[in-house]
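Quick notes on the structure that follows.
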Amino acid sequence: MKANVDLAVEIGSLKLKNPVMTASGCFAFGKEFADYYDLSTLGAITVKATTLEPRLGNPTPRVAETPGGMLNAIGLQNPGVEKVIAEELPHLRKYDIPVIVNIAGTTVEDYVAVTERLMDSEDVDAIEVNISCPNVKCGGIQFGTDPEQAAHVTREVKRVSKVPVIVKLSPNVTDIVEMARAVEAAGADAISLINTLVGMSIDLNKKKPLIANGVGGLSGPAVKPVAVRMTYQVAQAVNIPLIGMGGIMTGEDAIEFMMAGAAAVAVGTANFVNPLACPEIIEGIREFCEQNGVERVRDLQGAAWKEMAR
Amino acid sequence: MKANVDLAVEIGSLKLKNPVMTASGCFAFGKEFADYYDLSTLGAITVKATTLEPRLGNPTPRVAETPGGMLNAIGLQNPGVEKVIAEELPHLRKYDIPVIVNIAGTTVEDYVAVTERLMDSEDVDAIEVNISCPNVKCGGIQFGTDPEQAAHVTREVKRVSKVPVIVKLSPNVTDIVEMARAVEAAGADAISLINTLVGMSIDLNKKKPLIANGVGGLSGPAVKPVAVRMTYQVAQAVNIPLIGMGGIMTGEDAIEFMMAGAAAVAVGTANFVNPLACPEIIEGIREFCEQNGVERVRDLQGAAWKEMAR
Amino acid sequence: MARLTILEHKEIARNMMWLAFEAPEDLIYTPGQFLHIRVTDGVDHLLRRPISLCKVLGEKTGIGIAYRVGGKGTKLLQAKKVGDVLDVLGPLGKGFKLHETDRHALLIGGGIGVPPMVELADQLTQNGVKVTSIIGFQSQNVAILVDELSAYGEVLVATNDGSLGKQGFVTDYMTDELLASADRFYACGPTPMLRAVQQKMEGKVDGYLSLEERMGCGIGACMACVTSCVMADGTIGYKKVCKEGPVFSAAEVVF
Amino acid sequence: MARLTILEHKEIARNMMWLAFEAPEDLIYTPGQFLHIRVTDGVDHLLRRPISLCKVLGEKTGIGIAYRVGGKGTKLLQAKKVGDVLDVLGPLGKGFKLHETDRHALLIGGGIGVPPMVELADQLTQNGVKVTSIIGFQSQNVAILVDELSAYGEVLVATNDGSLGKQGFVTDYMTDELLASADRFYACGPTPMLRAVQQKMEGKVDGYLSLEERMGCGIGACMACVTSCVMADGTIGYKKVCKEGPVFSAAEVVF
Ligand SMILES: Cc1cc2nc3c(=O)[nH]c(=O)nc-3n(C[C@H](O)[C@H](O)[C@H](O)COP(=O)(O)OP(=O)(O)OC[C@H]3O[C@@H](n4cnc5c(N)ncnc54)[C@H](O)[C@@H]3O)c2cc1C
Ligand SMILES: Cc1cc2nc3c(=O)[nH]c(=O)nc-3n(C[C@H](O)[C@H](O)[C@H](O)COP(=O)(O)OP(=O)(O)OC[C@H]3O[C@@H](n4cnc5c(N)ncnc54)[C@H](O)[C@@H]3O)c2cc1C
Ligand SMILES: Cc1cc2nc3c(=O)[nH]c(=O)nc-3n(C[C@H](O)[C@H](O)[C@H](O)COP(=O)(O)O)c2cc1C
Ligand SMILES: Cc1cc2nc3c(=O)[nH]c(=O)nc-3n(C[C@H](O)[C@H](O)[C@H](O)COP(=O)(O)O)c2cc1C
Ligand code: FES
Ligand code: FES
């Protein structure tokens with residue numbers, strides 16, 4: 001029975017055995033989850049944002065719980081691209097899945113330099129350009145809200161990358177379609193959306209923001225309707241594949257993003273709640289397909305607007 | 001004991017006996033809730049959006065449940081300003097509270113005409129200009145996302161209004177502070193924020209959006225962190241009072257908005273879950289003040305950034 | 001709004017539950033009204049679920065409802081145990097109108113539209129009205145309340161697959177003869193059924209339709225639940241299912 | 001990750017609960033590790049709550065924890081009943097290190113830092129180490145686990161208001177004489193207490209501090225729970241409380 005559903009999807013030249021990948025920053029470099037299951041089960045793995053130099057990140061508290069979601073302001077803590085290449089990526093090669101490296105920076109030159117350095121590694125199958133870190137103190141946010149800047153950084157990274165370039169958009173914009181069109185025109189091979197919404201929680205006892213950084217990025221089920229809406233709008237406006245994310249907890253949530261137009265999905269916050277979230281979501285997708293007579297999960301892509309158009 | 005906490009707040013020239021008002025569209029014209037409690041308990045009442053001509057609104061389904069929130073696309077159904085003045089507002093006079101009329105339109109002329117008409121009524125204590133209806137098919141959205149248009153409609157309504165003008169902002173923008181500054185400069189007496197986030201839910205069985213209109217406005221606890229963040233940012237950038245809203249369910253939620261910088265708060269979705277939400281929230285605010293030795297609730301305004309600045 | 005203790009909770013057919021809970025104090029109601037029920041105290045399922053009052057128990061000491069377990073909310077409801085407490089608003093809305101001079105009424109229910117017919121049958125028979133129930137289901141394994149309705153009069157059952165009663169639809173029972181014998185009909189069920197009933201009855205029998213619509217507040221404040229109706233002035237407009245319904249006179253409903 | 005049935009649940013002091021649940025199969029643990037507990041199956045409280053393993057029961061058949069009811073999540077936890085099922089991850093993190101040659105250890109706990117001392121005392125005494133517990137609370141009415149710790153050795157209690165034991169802080173008990181008699185200390189409690197203990201012990205007794213930090217994942221993947229430490233190369237960097245801690249050697253922690 002199980003073998004009957006074809007879960008394979010493609011993001012440009014990347015071939016995924018199923019549509020479920022990990023969302024950057026929510027899976028570190030995979031090691032922790034390898035204790036819970038075989039990472040080969042995944043469609044792909046996207047690792048934590050990598051910058052040129054090591055970054056310490058923000059002071060704590062870095063996370064807070066909100067209704068149906070959470071805020072985070074990790075602040076791009078990472079050991080820097082050299083250590084990532086030397087120490088973090090090689091172990092992932094033993095799994096039979098594409099490895100996507102999420103990159104961040106303060107200037108366009110940063111993004112280019114990280115990409116160039118990553119091209120020396122055999123262990124990078126795609127680059128995901130994080131132009132959408134909602135943490136106001138880290139660079140990157142200006143790229144995420146101005147279509148011209150977004151296009152510029154996309155073009156520059158594209159120029160030096162030998163692997164597909166995925167651009168990850170911020171939802172904190174008036175017009176997500178404009179942003180998507182800009183990065184598509186600049187050569188992006190795919191688009192990830194959404195990154196986190198900028199939010200805040202206040203500690204009533206201390207009378208100040210709960211997160212040391214003040215604002216943080218909102219993720220989890222609470223943001224799903226915004227993410228589904230943006231996926232739906234962008235999918236109809238561009239011709240490159242989308243990776244949908246934002247609050248996916250179950251197989252049905254993943255299907256919702258695919259019907260909205262995503263070619264694949266990423267799972268973030270759910271990994272914190274349940275380390276087995278990704279394999280369970282993959283199983284959930286398979287079950288949904290079985291129960292609904294869907295032979296190829298990719299056939300569901302964009303079903304929601306195709307249906308509306310009728 | 002109870003009499004000791006001073007709950008009174010001011011929104012410009014409007015004097016409220018406590019900071020809790022109803023959010024437009026979530027309280028109709030008050031009649032339904034008068035069956036549950038004495039509306040004089042409220043700080044103020046904001047009624048459903050009123051347009052020049054009657055509007056039928058959108059087809060159904062008009063609401064959907066989402067994690068920690070809900071989507072709606074009512075589509076501004078209302079009987080038109082004439083009937084509102086003749087049939088809906090007079091009964092509210094018997095309560096000893098300010099009545100705020102939310103107005104919407106497709107063109108600036110619409111807004112002006114509704115305001116002019118409302119000036120003939122004795123029953124209007126303030127106007128709330130809804131420039132932020134997230135429903136793409138209704139007018140108003142362009143005013144909510146472009147600072148110049150927002151300023152324009154504010155200036156025109158202000159020109160004809162004899163009562164305070166509150167402008168209600170949309171959260172679906174890249175820069176909420178820019179929007180707030182624009183309407184302040186155009187003469188707004190106060191700002192309400194936030195209206196709903198644009199979202200979507202997909203019906204997996206029907207393979208199409210759950211809401212007939214496609215997209216809908218997301219409200220409820222899920223959006224609270226976004227609303228608190230915007231309140232916090234805008235409160236520090238403008239000198240006019242703010243009415244904070246978005247996901248307020250309890251007295252503590254209301255306190256959170258006040259600490260973020262709101263002078264008063266509005267309660268929307270919570271009224272649907274619990275018809276007694278507003279009086280319970282007022283009680284919750286009082287209890288918080290009692291337990292924390294707060295003598296005047298207005299002293300909490302902006303506590304969160306005042307504390308951060310130390 | 002009240003917090004009411006669950007007295008009984010059991011499966012009565014596949015994915016169909018019977019739930020009885022204590023009645024709020026001074027229960028005032030009419031058959032056809034609905035209860036608006038919270039399925040969790042948390043915020044993950046904010047909206048209440050509208051479920052018809054099926055039967056008032058004892059001396060108004062309890063209320064029984066029958067519901068289908070379908071989505072997330074009713075699944076949470078299903079997990080509640082006897083002794084747990086339900087947050088209930090209502091009874092809400094406008095129920096079925098009873099007419100003193102009627103002698104024979106047809107009660108027409110489809111699927112989860114059958115429950116409100118039980119209390120209605122009880123009140124009608126108490127008023128001396130003879131009732132004939134015509135009820136339809138997908139299949140025998142989801143059929144509910146057949147025995148309960150039988151206590152009040154004849155019950156004619158139709159199932160889509162013929163596994164119980166006649167194979168077909170409730171309208172198949174509506175012979176001219178039967179209609180001629182009836183003073184009134186009361187119907188609740190899926191929209192296609194209600195539309196068919198409305199057509200069949202038009203110009204023959206007056207009656208009422210109980211409608212379903214997705215709700216926000218349940219009390220008339222949010223405008224979520226509107227349905228097209230012929231208004232008093234003859235124009236077509238929206239009425240609120242939660243407040244002006246769920247029961248409408250068949251003549252005013254525009255499908 | 002396991003779904004484990006609650007065996008016992010009771011209040012042991014004001015807003016302080018004792019909760020025992022069945023142990024996961026093949027329980028492997030060290031004292032000082034924590035359990036990462038979901039407080040609801042819904043999404044309104046997404047993040048797990050880290051609570052220290054307090055005592056392993058029977059032949060590793062159960063786990064006991066003691067927790068303070070403070071915020072929303074622990075309030076939900078408090079409402080769970082015997083027979084309900086808990087979703088538990090763990091035991092997680094690095095626990096206290098036991099040293100074979102030690103003869104006398106000081107166990108220092110403050111408030112909700114006291115629970116991990118119980119299992120630690122048990123294991124140390126089984127290894128032949130003499131333990132002296134020095135524990136502090138706000139007041140008598142929130143004091144917990146005093147009798148439990150007394151089973152393993154002397155217990156010195158301090159309370160802020162003097163309502164139980166000495167009035168003052170745990171450090172008030174740390175005379176030069178006592179420190180001279182000790183081979184090791186183990187401390188868990190609020191940051192000001194840990195900082196004071198670290199200072200008091202510096203150059204005199206080696207030991208361990210168990211830290212608290214807000215967590216996302218609890219397994220080392222999100223980087224939420226970092227704390228400043230002296231790294232192997234002498235620089236100051238961040239370590240993860242959930243994975244590299246919660247127990248750190250006192251010398252490496254930078255407050
Ligand atoms: C006046 C009225 C009386 C009803 N009486 C009964 C009854 O006696 N027995 C019974 O089994 N069902 C009845 N229903 C239908 C019942 O309300 C829905 O089946 C139920 O709300 C679905 O909830 P869920 O948690 O299973 O679905 P979910 O998909 O989790 O629900 C999500 C949201 O959609 C709404 N919704 C979903 N399906 C429907 C629907 N078919 N109609 C209206 N709202 C819906 C829910 O109320 C909720 O707000 C009645 C509906 C109305 C309007
Ligand atoms: C390793 C470790 C072991 C612990 N052991 C115990 C114990 O044995 N007994 C005990 O009573 N408490 C213990 N705590 C503290 C306990 O985790 C918090 O009191 C609890 O998470 C608060 O949850 P809440 O639902 O009451 O608060 P909420 O305010 O609802 O919590 C919201 C979020 O903040 C986090 N949070 C809130 N307060 C704290 C805090 N003080 N420390 C860390 N996270 C916090 C919660 O985990 C949750 O993610 C421990 C903490 C850590 C890190
Ligand atoms: C703790 C945390 C850290 C994150 N770090 C990154 C990051 O480094 N780079 C990035 O592009 N996105 C980062 N994100 C955003 C996620 O990849 C994802 O876009 C977002 O959380 C929405 O998905 P979710 O709701 O499934 O978590 C982070 C999210 C969280 C919660
Ligand atoms: C059903 C519904 C109808 C609404 N109608 C209006 C409206 O007519 N005018 C308006 O300015 N805002 C309207 N809103 C937005 C609310 O006033 C409020 O800004 C928003 O819901 C956030 O608050 P909440 O989370 O407390 O609901 C509506 C919201 C809902 C849920
Ligand atoms: S459900 Fe709100 S008006 Fe009917
Ligand atoms: S809590 Fe996620 S790394 Fe420690």
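Chain labels run A, B, ... following the order of the structure tokens; each chain numbers its residues from 1, and ligands are numbered from 1 in the order shown.
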
### Task
Compute the chain B side of the contact with chain C at 6 Å, counting only C-alpha atoms, and hand it back as a ChimeraX atom specification.
/B:26-28,62,67-68,272

Can I get the selected residues back with C-alpha atoms, as a short mmCIF file (atom, residue, chain, number, x, y, z; two decimals), in the first residue's frame?
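Ended up saving to selection26.cif:
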```cif
data_model
loop_
_atom_site.label_atom_id
_atom_site.label_comp_id
_atom_site.auth_asym_id
_atom_site.auth_seq_id
_atom_site.Cartn_x
_atom_site.Cartn_y
_atom_site.Cartn_z
CA CYS B 26 -16.92 42.50 17.00
CA PHE B 27 -19.75 44.09 18.91
CA ALA B 28 -22.21 45.01 16.16
CA ARG B 62 -17.20 34.28 6.27
CA PRO B 67 -4.66 27.95 15.64
CA GLY B 68 -5.14 30.53 18.40
CA PHE B 272 -17.28 35.92 20.31
#
```

#### Entry: Within 9 Å of chain B: residues of chain A, using only C-alpha atoms, as an MDAnalysis selection string
chainID A and resid 66:69 71 145 171:175 197:209 214:215 218 221:230 232 252 255:257 259:260 292 300 303:308

### Task
Considering only C-alpha atoms, state which residue in the set C:Ala121, C:Ala13, C:Val39, C:Leu107 is at the smallest distance from chain D.
C:Val39

Return chain C as a tab-separated table (two decimals) with C-alpha atoms, in the first residue's frame, after superposing it on chain D by a least-squares fit that covers all C-alpha atoms paired in order.
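The resulting file, superposed-v3.tsv, is reproduced below:
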```
chain	number	residue	atom	x	y	z
C	1	MET	CA	9.96	10.96	23.96
C	2	ALA	CA	7.36	8.98	25.74
C	3	ARG	CA	3.78	9.15	26.91
C	4	LEU	CA	3.85	8.26	30.57
C	5	THR	CA	1.02	7.75	33.01
C	6	ILE	CA	0.81	9.88	36.13
C	7	LEU	CA	1.00	7.77	39.31
C	8	GLU	CA	0.79	10.41	42.02
C	9	HIS	CA	0.16	14.15	42.11
C	10	LYS	CA	-0.19	16.24	45.23
C	11	GLU	CA	0.53	19.61	46.78
C	12	ILE	CA	3.51	19.50	49.12
C	13	ALA	CA	3.72	23.18	50.02
C	14	ARG	CA	2.04	26.39	48.88
C	15	ASN	CA	2.01	26.26	45.05
C	16	MET	CA	4.51	23.44	45.15
C	17	MET	CA	3.52	20.11	43.63
C	18	TRP	CA	4.94	16.61	43.78
C	19	LEU	CA	4.27	14.58	40.67
C	20	ALA	CA	5.26	10.96	40.05
C	21	PHE	CA	4.86	9.24	36.72
C	22	GLU	CA	5.91	5.92	35.29
C	23	ALA	CA	9.47	5.83	34.01
C	24	PRO	CA	10.19	5.37	30.32
C	25	GLU	CA	11.49	1.92	29.38
C	26	ASP	CA	15.19	1.33	30.02
C	27	LEU	CA	15.57	4.52	32.00
C	28	ILE	CA	19.15	5.75	31.90
C	29	TYR	CA	19.85	8.90	33.87
C	30	THR	CA	22.12	10.84	36.16
C	31	PRO	CA	20.94	13.09	38.98
C	32	GLY	CA	20.77	16.70	37.83
C	33	GLN	CA	19.26	15.85	34.46
C	34	PHE	CA	15.90	17.30	33.56
C	35	LEU	CA	12.67	16.15	31.96
C	36	HIS	CA	11.16	18.24	29.19
C	37	ILE	CA	7.41	18.12	29.64
C	38	ARG	CA	4.51	19.16	27.44
C	39	VAL	CA	1.72	20.74	29.45
C	40	THR	CA	-1.01	20.33	26.82
C	41	ASP	CA	-1.50	18.44	23.58
C	42	GLY	CA	-2.93	21.57	21.96
C	43	VAL	CA	-0.91	24.36	20.44
C	44	ASP	CA	-1.72	27.12	22.92
C	45	HIS	CA	1.34	26.26	25.00
C	46	LEU	CA	3.84	25.00	22.49
C	47	LEU	CA	7.04	24.93	24.48
C	48	ARG	CA	7.89	22.15	26.86
C	49	ARG	CA	8.74	22.91	30.50
C	50	PRO	CA	12.10	21.77	31.86
C	51	ILE	CA	11.78	20.20	35.32
C	52	SER	CA	14.59	18.44	37.17
C	53	LEU	CA	14.45	14.78	37.89
C	54	CYS	CA	13.99	14.74	41.67
C	55	LYS	CA	13.85	11.05	42.52
C	56	VAL	CA	13.83	7.78	40.63
C	57	LEU	CA	11.27	5.52	42.26
C	58	GLY	CA	11.30	1.77	42.88
C	59	GLU	CA	13.41	-0.26	40.52
C	60	LYS	CA	13.42	2.59	38.00
C	61	THR	CA	9.66	2.14	37.68
C	62	GLY	CA	8.79	5.74	38.27
C	63	ILE	CA	10.15	9.26	38.26
C	64	GLY	CA	9.25	11.90	40.80
C	65	ILE	CA	9.51	15.63	40.20
C	66	ALA	CA	8.72	18.63	42.38
C	67	TYR	CA	7.65	21.86	40.77
C	68	ARG	CA	6.37	25.30	41.52
C	69	VAL	CA	3.06	26.42	40.03
C	70	GLY	CA	3.78	29.82	38.62
C	71	GLY	CA	2.88	30.57	35.03
C	72	LYS	CA	0.31	29.27	32.61
C	73	GLY	CA	2.02	26.02	31.78
C	74	THR	CA	2.60	24.81	35.29
C	75	LYS	CA	-1.01	25.73	36.08
C	76	LEU	CA	-2.14	23.36	33.33
C	77	LEU	CA	0.24	20.73	34.64
C	78	GLN	CA	-1.24	21.12	38.10
C	79	ALA	CA	-4.69	20.27	36.73
C	80	LYS	CA	-3.56	16.84	35.48
C	81	LYS	CA	-4.88	13.87	37.41
C	82	VAL	CA	-3.55	10.47	38.35
C	83	GLY	CA	-4.07	8.26	35.31
C	84	ASP	CA	-3.61	11.11	32.84
C	85	VAL	CA	-0.74	10.79	30.44
C	86	LEU	CA	2.27	13.11	30.23
C	87	ASP	CA	4.32	13.71	27.09
C	88	VAL	CA	7.89	13.66	28.38
C	89	LEU	CA	11.23	14.05	26.64
C	90	GLY	CA	14.31	12.95	28.48
C	91	PRO	CA	15.99	12.72	30.90
C	92	LEU	CA	18.02	15.34	29.06
C	93	GLY	CA	21.25	17.23	29.56
C	94	LYS	CA	24.36	16.62	31.58
C	95	GLY	CA	23.76	15.76	35.22
C	96	PHE	CA	25.98	15.97	38.29
C	97	LYS	CA	29.29	14.15	38.17
C	98	LEU	CA	29.95	11.73	41.01
C	99	HIS	CA	33.55	11.35	42.13
C	100	GLU	CA	34.57	7.96	43.47
C	101	THR	CA	37.10	9.18	45.98
C	102	ASP	CA	34.96	11.88	47.61
C	103	ARG	CA	34.08	11.40	51.23
C	104	HIS	CA	31.94	14.41	52.08
C	105	ALA	CA	29.78	16.48	49.72
C	106	LEU	CA	27.76	19.62	50.31
C	107	LEU	CA	24.42	19.72	48.51
C	108	ILE	CA	23.20	23.28	48.19
C	109	GLY	CA	19.69	23.99	46.97
C	110	GLY	CA	17.54	27.08	46.81
C	111	GLY	CA	13.77	26.96	46.24
C	112	ILE	CA	13.00	24.97	43.12
C	113	GLY	CA	16.69	24.14	42.95
C	114	VAL	CA	16.25	21.71	45.84
C	115	PRO	CA	14.55	18.85	43.92
C	116	PRO	CA	17.59	17.52	42.01
C	117	MET	CA	19.44	17.20	45.32
C	118	VAL	CA	17.28	14.28	46.43
C	119	GLU	CA	18.36	11.76	43.79
C	120	LEU	CA	21.89	13.11	44.04
C	121	ALA	CA	21.92	12.53	47.81
C	122	ASP	CA	20.66	9.02	47.25
C	123	GLN	CA	23.40	8.14	44.77
C	124	LEU	CA	26.16	9.82	46.76
C	125	THR	CA	25.26	8.01	49.97
C	126	GLN	CA	25.03	4.75	48.06
C	127	ASN	CA	28.59	5.45	46.96
C	128	GLY	CA	29.58	5.95	50.57
C	129	VAL	CA	29.84	9.72	50.39
C	130	LYS	CA	28.60	11.60	53.42
C	131	VAL	CA	26.22	14.38	52.43
C	132	THR	CA	25.29	17.60	54.15
C	133	SER	CA	22.38	19.46	52.58
C	134	ILE	CA	22.13	23.20	52.90
C	135	ILE	CA	18.82	24.40	51.53
C	136	GLY	CA	17.09	27.74	51.42
C	137	PHE	CA	13.54	28.96	50.90
C	138	GLN	CA	11.60	32.19	51.01
C	139	SER	CA	9.55	30.95	53.90
C	140	GLN	CA	8.38	27.83	55.68
C	141	ASN	CA	5.19	27.56	53.67
C	142	VAL	CA	7.09	26.96	50.44
C	143	ALA	CA	9.74	24.69	51.93
C	144	ILE	CA	9.93	21.30	50.25
C	145	LEU	CA	11.74	17.99	50.50
C	146	VAL	CA	13.31	18.68	53.89
C	147	ASP	CA	12.28	15.28	55.26
C	148	GLU	CA	13.34	13.50	52.09
C	149	LEU	CA	16.83	14.96	52.29
C	150	SER	CA	17.06	14.23	56.00
C	151	ALA	CA	17.04	10.54	55.14
C	152	TYR	CA	20.50	10.94	53.67
C	153	GLY	CA	22.28	13.13	56.16
C	154	GLU	CA	22.21	16.42	58.00
C	155	VAL	CA	19.97	19.14	56.54
C	156	LEU	CA	20.62	22.79	57.29
C	157	VAL	CA	17.70	25.04	56.40
C	158	ALA	CA	17.69	28.79	55.86
C	159	THR	CA	14.62	30.92	55.15
C	160	ASN	CA	14.49	34.58	54.21
C	161	ASP	CA	11.98	35.29	56.92
C	162	GLY	CA	13.30	32.89	59.53
C	163	SER	CA	10.07	30.91	59.62
C	164	LEU	CA	12.05	27.68	59.26
C	165	GLY	CA	15.66	27.03	60.23
C	166	LYS	CA	18.07	29.93	60.32
C	167	GLN	CA	16.99	33.35	59.11
C	168	GLY	CA	19.16	34.26	56.15
C	169	PHE	CA	20.81	32.60	53.19
C	170	VAL	CA	22.37	29.23	52.49
C	171	THR	CA	25.79	30.87	52.36
C	172	ASP	CA	25.40	31.79	56.04
C	173	TYR	CA	25.97	28.12	56.86
C	174	MET	CA	29.18	27.94	54.89
C	175	THR	CA	31.71	28.33	57.63
C	176	ASP	CA	35.39	27.79	56.86
C	177	GLU	CA	35.20	24.73	59.06
C	178	LEU	CA	32.42	23.17	57.05
C	179	LEU	CA	34.11	23.99	53.77
C	180	ALA	CA	37.35	22.49	54.98
C	181	SER	CA	35.56	19.24	55.69
C	182	ALA	CA	34.06	19.00	52.21
C	183	ASP	CA	35.52	17.42	49.07
C	184	ARG	CA	32.89	18.69	46.71
C	185	PHE	CA	29.80	20.86	46.44
C	186	TYR	CA	26.75	20.59	44.22
C	187	ALA	CA	24.45	23.61	43.90
C	188	CYS	CA	21.17	24.40	42.19
C	189	GLY	CA	18.99	27.43	42.74
C	190	PRO	CA	18.39	31.02	41.70
C	191	THR	CA	21.23	32.86	39.98
C	192	PRO	CA	22.05	35.21	42.90
C	193	MET	CA	22.44	32.19	45.16
C	194	LEU	CA	24.65	30.37	42.66
C	195	ARG	CA	26.81	33.44	42.22
C	196	ALA	CA	27.25	33.76	45.99
C	197	VAL	CA	28.06	30.06	46.31
C	198	GLN	CA	30.59	30.26	43.48
C	199	GLN	CA	32.36	33.14	45.23
C	200	LYS	CA	32.30	31.49	48.62
C	201	MET	CA	33.72	28.23	47.29
C	202	GLU	CA	36.34	29.66	44.97
C	203	GLY	CA	39.78	28.31	45.78
C	204	LYS	CA	38.32	26.26	48.63
C	205	VAL	CA	36.06	23.54	47.32
C	206	ASP	CA	35.52	22.28	43.79
C	207	GLY	CA	31.99	21.75	42.70
C	208	TYR	CA	29.15	22.03	40.26
C	209	LEU	CA	26.44	24.55	39.52
C	210	SER	CA	23.16	23.64	37.86
C	211	LEU	CA	21.83	26.56	35.81
C	212	GLU	CA	18.41	27.65	34.61
C	213	GLU	CA	17.69	29.27	31.28
C	214	ARG	CA	14.61	29.65	29.09
C	215	MET	CA	14.56	26.83	26.57
C	216	GLY	CA	13.20	26.18	23.14
C	217	CYS	CA	14.04	22.63	22.15
C	218	GLY	CA	15.84	21.22	25.20
C	219	ILE	CA	18.06	19.10	22.98
C	220	GLY	CA	20.69	21.54	21.75
C	221	ALA	CA	19.18	22.53	18.43
C	222	CYS	CA	17.81	26.05	18.84
C	223	MET	CA	20.53	27.96	20.73
C	224	ALA	CA	17.97	29.53	23.04
C	225	CYS	CA	19.46	28.49	26.32
C	226	VAL	CA	23.04	29.70	26.20
C	227	THR	CA	25.06	30.82	29.18
C	228	SER	CA	28.50	32.41	29.37
C	229	CYS	CA	31.32	30.01	30.16
C	230	VAL	CA	35.06	29.87	30.09
C	231	MET	CA	35.81	27.69	27.09
C	232	ALA	CA	38.52	25.06	26.75
C	233	ASP	CA	40.80	27.62	25.09
C	234	GLY	CA	40.35	30.14	27.89
C	235	THR	CA	38.13	32.53	25.97
C	236	ILE	CA	34.63	33.30	27.14
C	237	GLY	CA	31.86	31.86	25.00
C	238	TYR	CA	28.37	30.47	25.14
C	239	LYS	CA	27.45	26.97	26.17
C	240	LYS	CA	24.00	25.46	25.91
C	241	VAL	CA	22.33	24.84	29.26
C	242	CYS	CA	20.13	22.10	27.82
C	243	LYS	CA	22.86	20.01	26.26
C	244	GLU	CA	26.21	21.03	27.77
C	245	GLY	CA	24.45	21.64	31.09
C	246	PRO	CA	22.32	22.21	33.08
C	247	VAL	CA	25.21	21.15	35.34
C	248	PHE	CA	28.50	22.94	34.80
C	249	SER	CA	31.68	22.81	36.77
C	250	ALA	CA	31.63	25.87	39.03
C	251	ALA	CA	34.91	27.11	37.63
C	252	GLU	CA	33.66	27.45	34.06
C	253	VAL	CA	30.51	29.47	34.76
C	254	VAL	CA	30.71	33.23	34.14
C	255	PHE	CA	27.87	35.15	35.74
```

### Task
Just list the residues in segment 36-215 of chain B DSSP gives strand (DSSP E) on the backbone, as a ChimeraX atom specification.
/B:45-50,63-66,69-72,99-103,126-130,165-168,190-193,197-199,202-203,208-209

### Query
atom CA of Asn4 of chain A to atom CA of Glu295 of chain A: how many Å, to one decimal?
6.9 Å

### Query
Given a cut-off of 7 Å, what residues near ligand 3 show up using only C-alpha atoms and all ligand atoms, put as number ranges by chain?
A: 23-26, 48-49, 71-72, 74, 76, 102, 130, 132-133, 168, 193-196, 219-221, 223, 245-248, 266-270; D: 222, 224
